Each structure stands twice: as structure tokens, then as C-alpha cells.
Amino acid sequence: MALRFEVLGRFNRARAAQLTLPHFACQTPLFMPVGTQGIFYTQWHFAYIFQVSLLHLADITEKGVTFQSPVDGKPMLLTPEESIQIQNRIGADIIMALDDVVRTTITGPRIEEAMYRTLRWVDRCIAAHKRPHEQNLFGIVQGGLDPVLRYAIGGLAGGEDKDSFWRVVAQCTAALPEDKPRYVMGVGYPLDIVVCSALGADMYDCVYPTRTARFGTALVPEGVLKLKHNAMVNDTRPIDPTCACMVCKNYTRAYIHCLVTKDAMGSQLLSYHNLYYMLQLSRNLHSSIVEGRFVCDFLQKMFPKGDVPEWVCNAMDVAGIDISSCCSS
């Protein structure tokens, strides 16, 4: 593989590592912002992952996925081989196998069908991969919430309850190889990332930080701050007084409130802040694991009254992390 993964520190199941890719070296746990095709126009030279997101209503057969063209509405067929050919041309450091995606809330034989089809497609993707020494092909295995079928981390964040969510992550991280990064796709809520990291996951991606910014919401240590609320009209504080991002250094809540209710500039500033927050969260998780003080700082700020959700407490117990000091009696 065209990567090196070195674990630098552990805190029970949580781990902090150095991930070295052809274009970049980074530390885990790591949140990865989701970009658009504009990233290719700008000739981005850092590490990036290419993945294909298709509609759940697409027609899936053994040959591939037929979906509606976003350009002219005509049907298009994407096969595992073509998906790899496209990604080989783009040159991303990490590319994803095409998988048969089903919602985690679905039950019955469709879950098993998707899992086995995804495995067959992985073989086709491997055979089609022409740049194995330059690009890393990551597999995605489906399995829904069935513990018998599930042994890798793909297709989560699809509507399942939090208790089922963390149990699947716990099962997968315990079974996946120790010497390779563990990527939980589509997960971007800060609390979810903290819990998944405690359970031994390494990498995450999601549109959440930028999508919630478009609705006028900022991510802060206490949770979220809704800048569209009238309470922000005369608030001269920064979004987060502890944040060192460009937005918090230069703009007040009142100013951003005015923008988010009238101008696209507001959502752009909030997107910048939210991405900075997520990347800082990643750095803090890494250093806290190395220093042996994982998780409590984060939970104490988000739940100052000690009302940590039960599913979080259960997950941390399985992860072997004592959060009793963060919880009310």
C-alpha cells in the first residue's frame, strides 16, 4: 500500500497515530472535510480521498449502479471497474471501492445481499486498480446492524439509533487489523467522533460542519450556537472565545447574525469556523490520547451538568474509559 500507519500512543482502545500518504502526512484521529468538484479545479495538491455517493433509489444490479445523471437526467451506469478507472485518473491518495449501500434501518435478506455483492465488487475493484503503489484502495463492507454480517465500518449514520451505532463501531474496531487505519464513513457529529475514537476508530468524514453552517449554526465546545436567533443581535462576543480561527478573531456574533439572515457570506464564515473546530477537535483528540487524559475535557464542556447521554456512558464503559467524573451521580 502507498501509506504508512504508525501508532504513536494508546489510551485503552483509543489510539493516536501518524498516517503518511503520498501527498501528505497527518495525525489521527482525523476528521476530513467533504469537498466538491471545485477542489479539482483548484489543482489541490494535498492528500484527499475520492468516494462516490449515489442515491439510495438508484437501480443496483450485479453489473453496477444505474442512476440519474445530475446534468441531463439520463440514466448512467457506474460499474466497479469504471469507478476505479475514474479514481485512478484523479489520482487521490485514498480511493474507495464501489459498494452496494443500504440504509442501516433496513432488515431482512437485502442486508445480506448487499454485503455479499459488495465483497464481489471489491474483487472487481482490486483487479481494475492500476496504481496500487501510488493510491490506496480502501474496501467498504456492508452488513447493516447485523453482528453476524458486519465486520467493517461502512454504511453507518443512516438513521440507526445511537446505541446500535456505537455497538457496530465497537464490534468492527475490535475485529479490524491493528496495523491499518479504520475509517468510519459519513460520521461528523463531534460527540460521535469522540465516542468512535474511544472505541479505536481513526478517520471520519461528513458534510455536517458545512451543512449546519448554511443554516446559521456554529460548532462550539458546549455543542452548537444558533446565530440566526434574535439573542445574537447585540452580542459582541466572538462565536467561541477559546477559538483561534480567523472568524473568531475578527467577527462578532452580532455581525455574523446580520450576515446569515441576509447574505451567503455568513454561511461561508461559519463553514470556515466549523471546519477549524473539527480539525482542532482532531488535534485535541490526538494529543489527549498520547497524554492519557482522553475524553473528559470534551464531555465536561459539552455536558457541564453531568447529563452525559446513557449511550455515551455505555460506549465509554466498553472502551475501558472511566468518565464517572464527567457524569452526575
# chains A, B, ... in the order shown; residues from 1 in each chain; ligands from 1

call {"tool": "select_by_dssp", "arguments": {"residues": "region 47-287 of chain A", "states": "strand (DSSP E)", "output": "ChimeraX atom specification"}}
result
/A:49-50,59-60,65-68,75-78,94-96,136-138,183-184,203-206,217-220,223-226

call {"tool": "residues_around", "arguments": {"residues": "Leu281 (chain A)", "least_positions_apart": "2", "cutoff": "9 Å", "atoms": "only C-alpha atoms", "output": "number ranges by chain"}}
result
A: 29-31, 190, 194, 276-279, 283-286

call {"tool": "write_last_selection", "arguments": {"atoms": "N, CA, C and O atoms", "output": "CSV table (one decimal), in the first residue's frame"}}
result
chain,number,residue,atom,x,y,z
A,29,PRO,N,-6.6,10.6,15.7
A,29,PRO,CA,-7.9,10.7,15.0
A,29,PRO,C,-8.0,11.9,14.0
A,29,PRO,O,-7.4,13.0,14.4
A,30,LEU,N,-8.6,11.7,12.9
A,30,LEU,CA,-8.6,12.8,11.9
A,30,LEU,C,-10.0,12.9,11.3
A,30,LEU,O,-10.6,11.9,10.8
A,31,PHE,N,-10.5,14.2,11.3
A,31,PHE,CA,-11.8,14.5,10.6
A,31,PHE,C,-11.4,15.1,9.2
A,31,PHE,O,-10.5,15.9,9.1
A,190,PRO,N,-19.4,15.9,16.4
A,190,PRO,CA,-18.3,15.9,17.3
A,190,PRO,C,-18.4,14.8,18.4
A,190,PRO,O,-17.4,14.1,18.6
A,194,VAL,N,-15.8,11.6,19.0
A,194,VAL,CA,-15.2,11.3,20.3
A,194,VAL,C,-15.4,9.9,20.7
A,194,VAL,O,-14.5,9.1,21.1
A,276,TYR,N,-12.6,24.6,11.1
A,276,TYR,CA,-11.5,24.8,12.0
A,276,TYR,C,-11.7,24.1,13.3
A,276,TYR,O,-10.9,23.4,13.9
A,277,TYR,N,-13.0,24.2,13.8
A,277,TYR,CA,-13.4,23.5,15.1
A,277,TYR,C,-13.1,22.0,14.9
A,277,TYR,O,-12.6,21.4,15.9
A,278,MET,N,-13.5,21.4,13.8
A,278,MET,CA,-13.4,19.9,13.7
A,278,MET,C,-11.9,19.5,13.6
A,278,MET,O,-11.6,18.5,14.1
A,279,LEU,N,-11.1,20.3,12.9
A,279,LEU,CA,-9.7,20.0,12.8
A,279,LEU,C,-9.0,20.2,14.1
A,279,LEU,O,-8.1,19.4,14.5
A,283,ARG,N,-7.0,17.4,16.5
A,283,ARG,CA,-5.7,17.6,17.1
A,283,ARG,C,-5.8,17.4,18.6
A,283,ARG,O,-4.9,16.8,19.2
A,284,ASN,N,-6.9,17.8,19.2
A,284,ASN,CA,-7.0,17.7,20.7
A,284,ASN,C,-7.2,16.2,21.1
A,284,ASN,O,-6.7,15.7,22.1
A,285,LEU,N,-7.9,15.5,20.2
A,285,LEU,CA,-8.1,14.0,20.5
A,285,LEU,C,-6.7,13.3,20.4
A,285,LEU,O,-6.4,12.5,21.3
A,286,HIS,N,-6.0,13.7,19.4
A,286,HIS,CA,-4.7,13.0,19.2
A,286,HIS,C,-3.8,13.3,20.4
A,286,HIS,O,-3.2,12.3,21.0

call {"tool": "atom_distance", "arguments": {"atom1": "CA of Leu176 (chain A)", "atom2": "CA of Arg13 (chain A)"}}
result
12.4 Å

call {"tool": "residues_around", "arguments": {"residues": "Asn12 (chain A)", "least_positions_apart": "2", "cutoff": "7 Å", "atoms": "only C-alpha atoms", "output": "PyMOL selection string"}}
result
chain A and resi 10+14+319-320

call {"tool": "write_last_selection", "arguments": {"atoms": "C-alpha atoms", "output": "compact mmCIF listing (two decimals), in the first residue's frame"}}
result
# COMPACT_ATOMS: atom_id res chain seq x y z
CA ARG A 10 -2.87 4.43 23.12
CA ALA A 14 -8.31 4.67 21.62
CA ALA A 319 -13.91 1.30 25.60
CA GLY A 320 -12.49 0.96 29.12

call {"tool": "residues_around", "arguments": {"residues": "Ala58 (chain A)", "least_positions_apart": "3", "cutoff": "10 Å", "atoms": "only C-alpha atoms", "output": "PDB file with C-alpha atoms, in the first residue's frame"}}
result
ATOM      1  CA  LEU A  54     -25.124   7.531  -5.041  1.00  0.00           C
ATOM      2  CA  LEU A  55     -28.832   7.872  -4.406  1.00  0.00           C
ATOM      3  CA  THR A  61     -27.619  -4.914 -10.167  1.00  0.00           C
ATOM      4  CA  VAL A  65     -25.263   1.067 -10.237  1.00  0.00           C
ATOM      5  CA  THR A  66     -27.602   2.862 -12.635  1.00  0.00           C
ATOM      6  CA  PHE A  67     -28.530   6.359 -11.512  1.00  0.00           C
ATOM      7  CA  GLN A  68     -29.888   9.580 -12.966  1.00  0.00           C
ATOM      8  CA  PRO A  75     -29.645   7.086 -16.839  1.00  0.00           C
ATOM      9  CA  MET A  76     -25.951   6.364 -16.242  1.00  0.00           C
ATOM     10  CA  LEU A  77     -24.292   3.073 -15.339  1.00  0.00           C
ATOM     11  CA  VAL A 101     -25.219   0.817   0.021  1.00  0.00           C
TER      12      VAL A 101
END

call {"tool": "residues_around", "arguments": {"residues": "Pro80 (chain A)", "least_positions_apart": "4", "cutoff": "9 Å", "atoms": "only C-alpha atoms", "output": "PyMOL selection string"}}
result
chain A and resi 63-65+84-85+97-99+121-122+124-125+128

call {"tool": "atom_distance", "arguments": {"atom1": "CA of Leu225 (chain A)", "atom2": "CA of His273 (chain A)"}}
result
11.8 Å

call {"tool": "closest_residue", "arguments": {"among": "A:Leu199, A:Ala244, A:Val102, A:Ala231", "to": "Arg167 (chain A)", "atoms": "only C-alpha atoms"}}
result
A:Leu199

call {"tool": "residues_around", "arguments": {"residues": "Lys226 (chain A)", "least_positions_apart": "5", "cutoff": "10 Å", "atoms": "only C-alpha atoms", "output": "list in words"}}
result
Thr212, Ala213, Phe215, Gly216, Thr217, Ala218, Leu219, Ala231, Met232, Ile239, Arg253 and His257 of chain A

call {"tool": "decode", "arguments": {"residues": "region 230-244 of chain A", "atoms": "all heavy atoms", "output": "compact mmCIF listing (two decimals), in the first residue's frame"}}
result
# COMPACT_ATOMS: atom_id res chain seq x y z
N ASN A 230 -32.52 35.71 17.61
CA ASN A 230 -32.54 37.14 17.92
C ASN A 230 -31.62 37.49 19.09
O ASN A 230 -31.20 38.65 19.23
CB ASN A 230 -33.96 37.60 18.23
CG ASN A 230 -34.82 37.65 16.98
OD1 ASN A 230 -34.31 37.81 15.87
ND2 ASN A 230 -36.13 37.51 17.15
N ALA A 231 -31.31 36.50 19.92
CA ALA A 231 -30.43 36.76 21.06
C ALA A 231 -29.04 37.18 20.62
O ALA A 231 -28.26 37.74 21.40
CB ALA A 231 -30.33 35.51 21.94
N MET A 232 -28.71 36.95 19.34
CA MET A 232 -27.38 37.27 18.82
C MET A 232 -27.28 38.71 18.31
O MET A 232 -26.19 39.18 18.00
CB MET A 232 -27.02 36.32 17.66
CG MET A 232 -27.01 34.85 18.02
SD MET A 232 -25.67 34.41 19.14
CE MET A 232 -26.62 33.80 20.53
N VAL A 233 -28.40 39.41 18.22
CA VAL A 233 -28.44 40.72 17.57
C VAL A 233 -27.42 41.70 18.15
O VAL A 233 -26.73 42.40 17.41
CB VAL A 233 -29.86 41.33 17.67
CG1 VAL A 233 -29.86 42.77 17.18
CG2 VAL A 233 -30.84 40.50 16.85
N ASN A 234 -27.30 41.74 19.47
CA ASN A 234 -26.39 42.70 20.11
C ASN A 234 -25.23 42.03 20.84
O ASN A 234 -24.60 42.65 21.71
CB ASN A 234 -27.19 43.58 21.09
CG ASN A 234 -28.23 44.42 20.40
OD1 ASN A 234 -27.94 45.09 19.41
ND2 ASN A 234 -29.46 44.37 20.91
N ASP A 235 -24.95 40.79 20.49
CA ASP A 235 -23.89 40.04 21.17
C ASP A 235 -22.54 40.33 20.52
O ASP A 235 -22.30 39.94 19.37
CB ASP A 235 -24.20 38.54 21.11
CG ASP A 235 -23.38 37.74 22.11
OD1 ASP A 235 -22.24 38.15 22.41
OD2 ASP A 235 -23.85 36.68 22.57
N THR A 236 -21.68 41.03 21.21
CA THR A 236 -20.39 41.45 20.64
C THR A 236 -19.26 40.46 20.90
O THR A 236 -18.11 40.74 20.59
CB THR A 236 -19.99 42.82 21.21
OG1 THR A 236 -19.93 42.74 22.65
CG2 THR A 236 -20.99 43.89 20.80
N ARG A 237 -19.58 39.31 21.45
CA ARG A 237 -18.55 38.29 21.67
C ARG A 237 -18.26 37.53 20.38
O ARG A 237 -19.08 37.51 19.45
CB ARG A 237 -19.02 37.29 22.73
CG ARG A 237 -19.14 37.86 24.14
CD ARG A 237 -19.76 36.84 25.07
NE ARG A 237 -21.14 36.54 24.70
CZ ARG A 237 -21.87 35.58 25.27
NH1 ARG A 237 -21.33 34.82 26.22
NH2 ARG A 237 -23.13 35.40 24.89
N PRO A 238 -17.10 36.90 20.28
CA PRO A 238 -16.85 36.02 19.14
C PRO A 238 -17.71 34.76 19.26
O PRO A 238 -18.30 34.50 20.32
CB PRO A 238 -15.36 35.68 19.27
CG PRO A 238 -15.07 35.85 20.72
CD PRO A 238 -15.95 36.97 21.20
N ILE A 239 -17.78 33.99 18.19
CA ILE A 239 -18.54 32.73 18.25
C ILE A 239 -18.07 31.90 19.43
O ILE A 239 -18.86 31.43 20.24
CB ILE A 239 -18.36 31.94 16.94
CG1 ILE A 239 -19.01 32.67 15.77
CG2 ILE A 239 -18.96 30.54 17.08
CD1 ILE A 239 -18.72 32.03 14.42
N ASP A 240 -16.76 31.71 19.52
CA ASP A 240 -16.17 30.93 20.60
C ASP A 240 -14.94 31.67 21.12
O ASP A 240 -13.94 31.77 20.41
CB ASP A 240 -15.78 29.53 20.09
CG ASP A 240 -15.05 28.70 21.13
OD1 ASP A 240 -15.00 29.10 22.31
OD2 ASP A 240 -14.52 27.64 20.75
N PRO A 241 -14.98 32.20 22.33
CA PRO A 241 -13.84 32.97 22.86
C PRO A 241 -12.55 32.17 22.95
O PRO A 241 -11.47 32.75 22.98
CB PRO A 241 -14.33 33.38 24.26
CG PRO A 241 -15.81 33.33 24.19
CD PRO A 241 -16.13 32.20 23.26
N THR A 242 -12.66 30.83 22.97
CA THR A 242 -11.46 30.00 23.07
C THR A 242 -10.90 29.59 21.71
O THR A 242 -9.87 28.92 21.65
CB THR A 242 -11.75 28.73 23.88
OG1 THR A 242 -12.65 27.88 23.14
CG2 THR A 242 -12.38 29.06 25.22
N CYS A 243 -11.57 29.99 20.63
CA CYS A 243 -11.18 29.56 19.29
C CYS A 243 -10.22 30.57 18.66
O CYS A 243 -10.42 31.78 18.75
CB CYS A 243 -12.42 29.41 18.41
SG CYS A 243 -12.07 28.90 16.70
N ALA A 244 -9.18 30.04 18.00
CA ALA A 244 -8.17 30.91 17.39
C ALA A 244 -8.36 31.08 15.89
O ALA A 244 -7.48 31.61 15.21
CB ALA A 244 -6.77 30.33 17.67
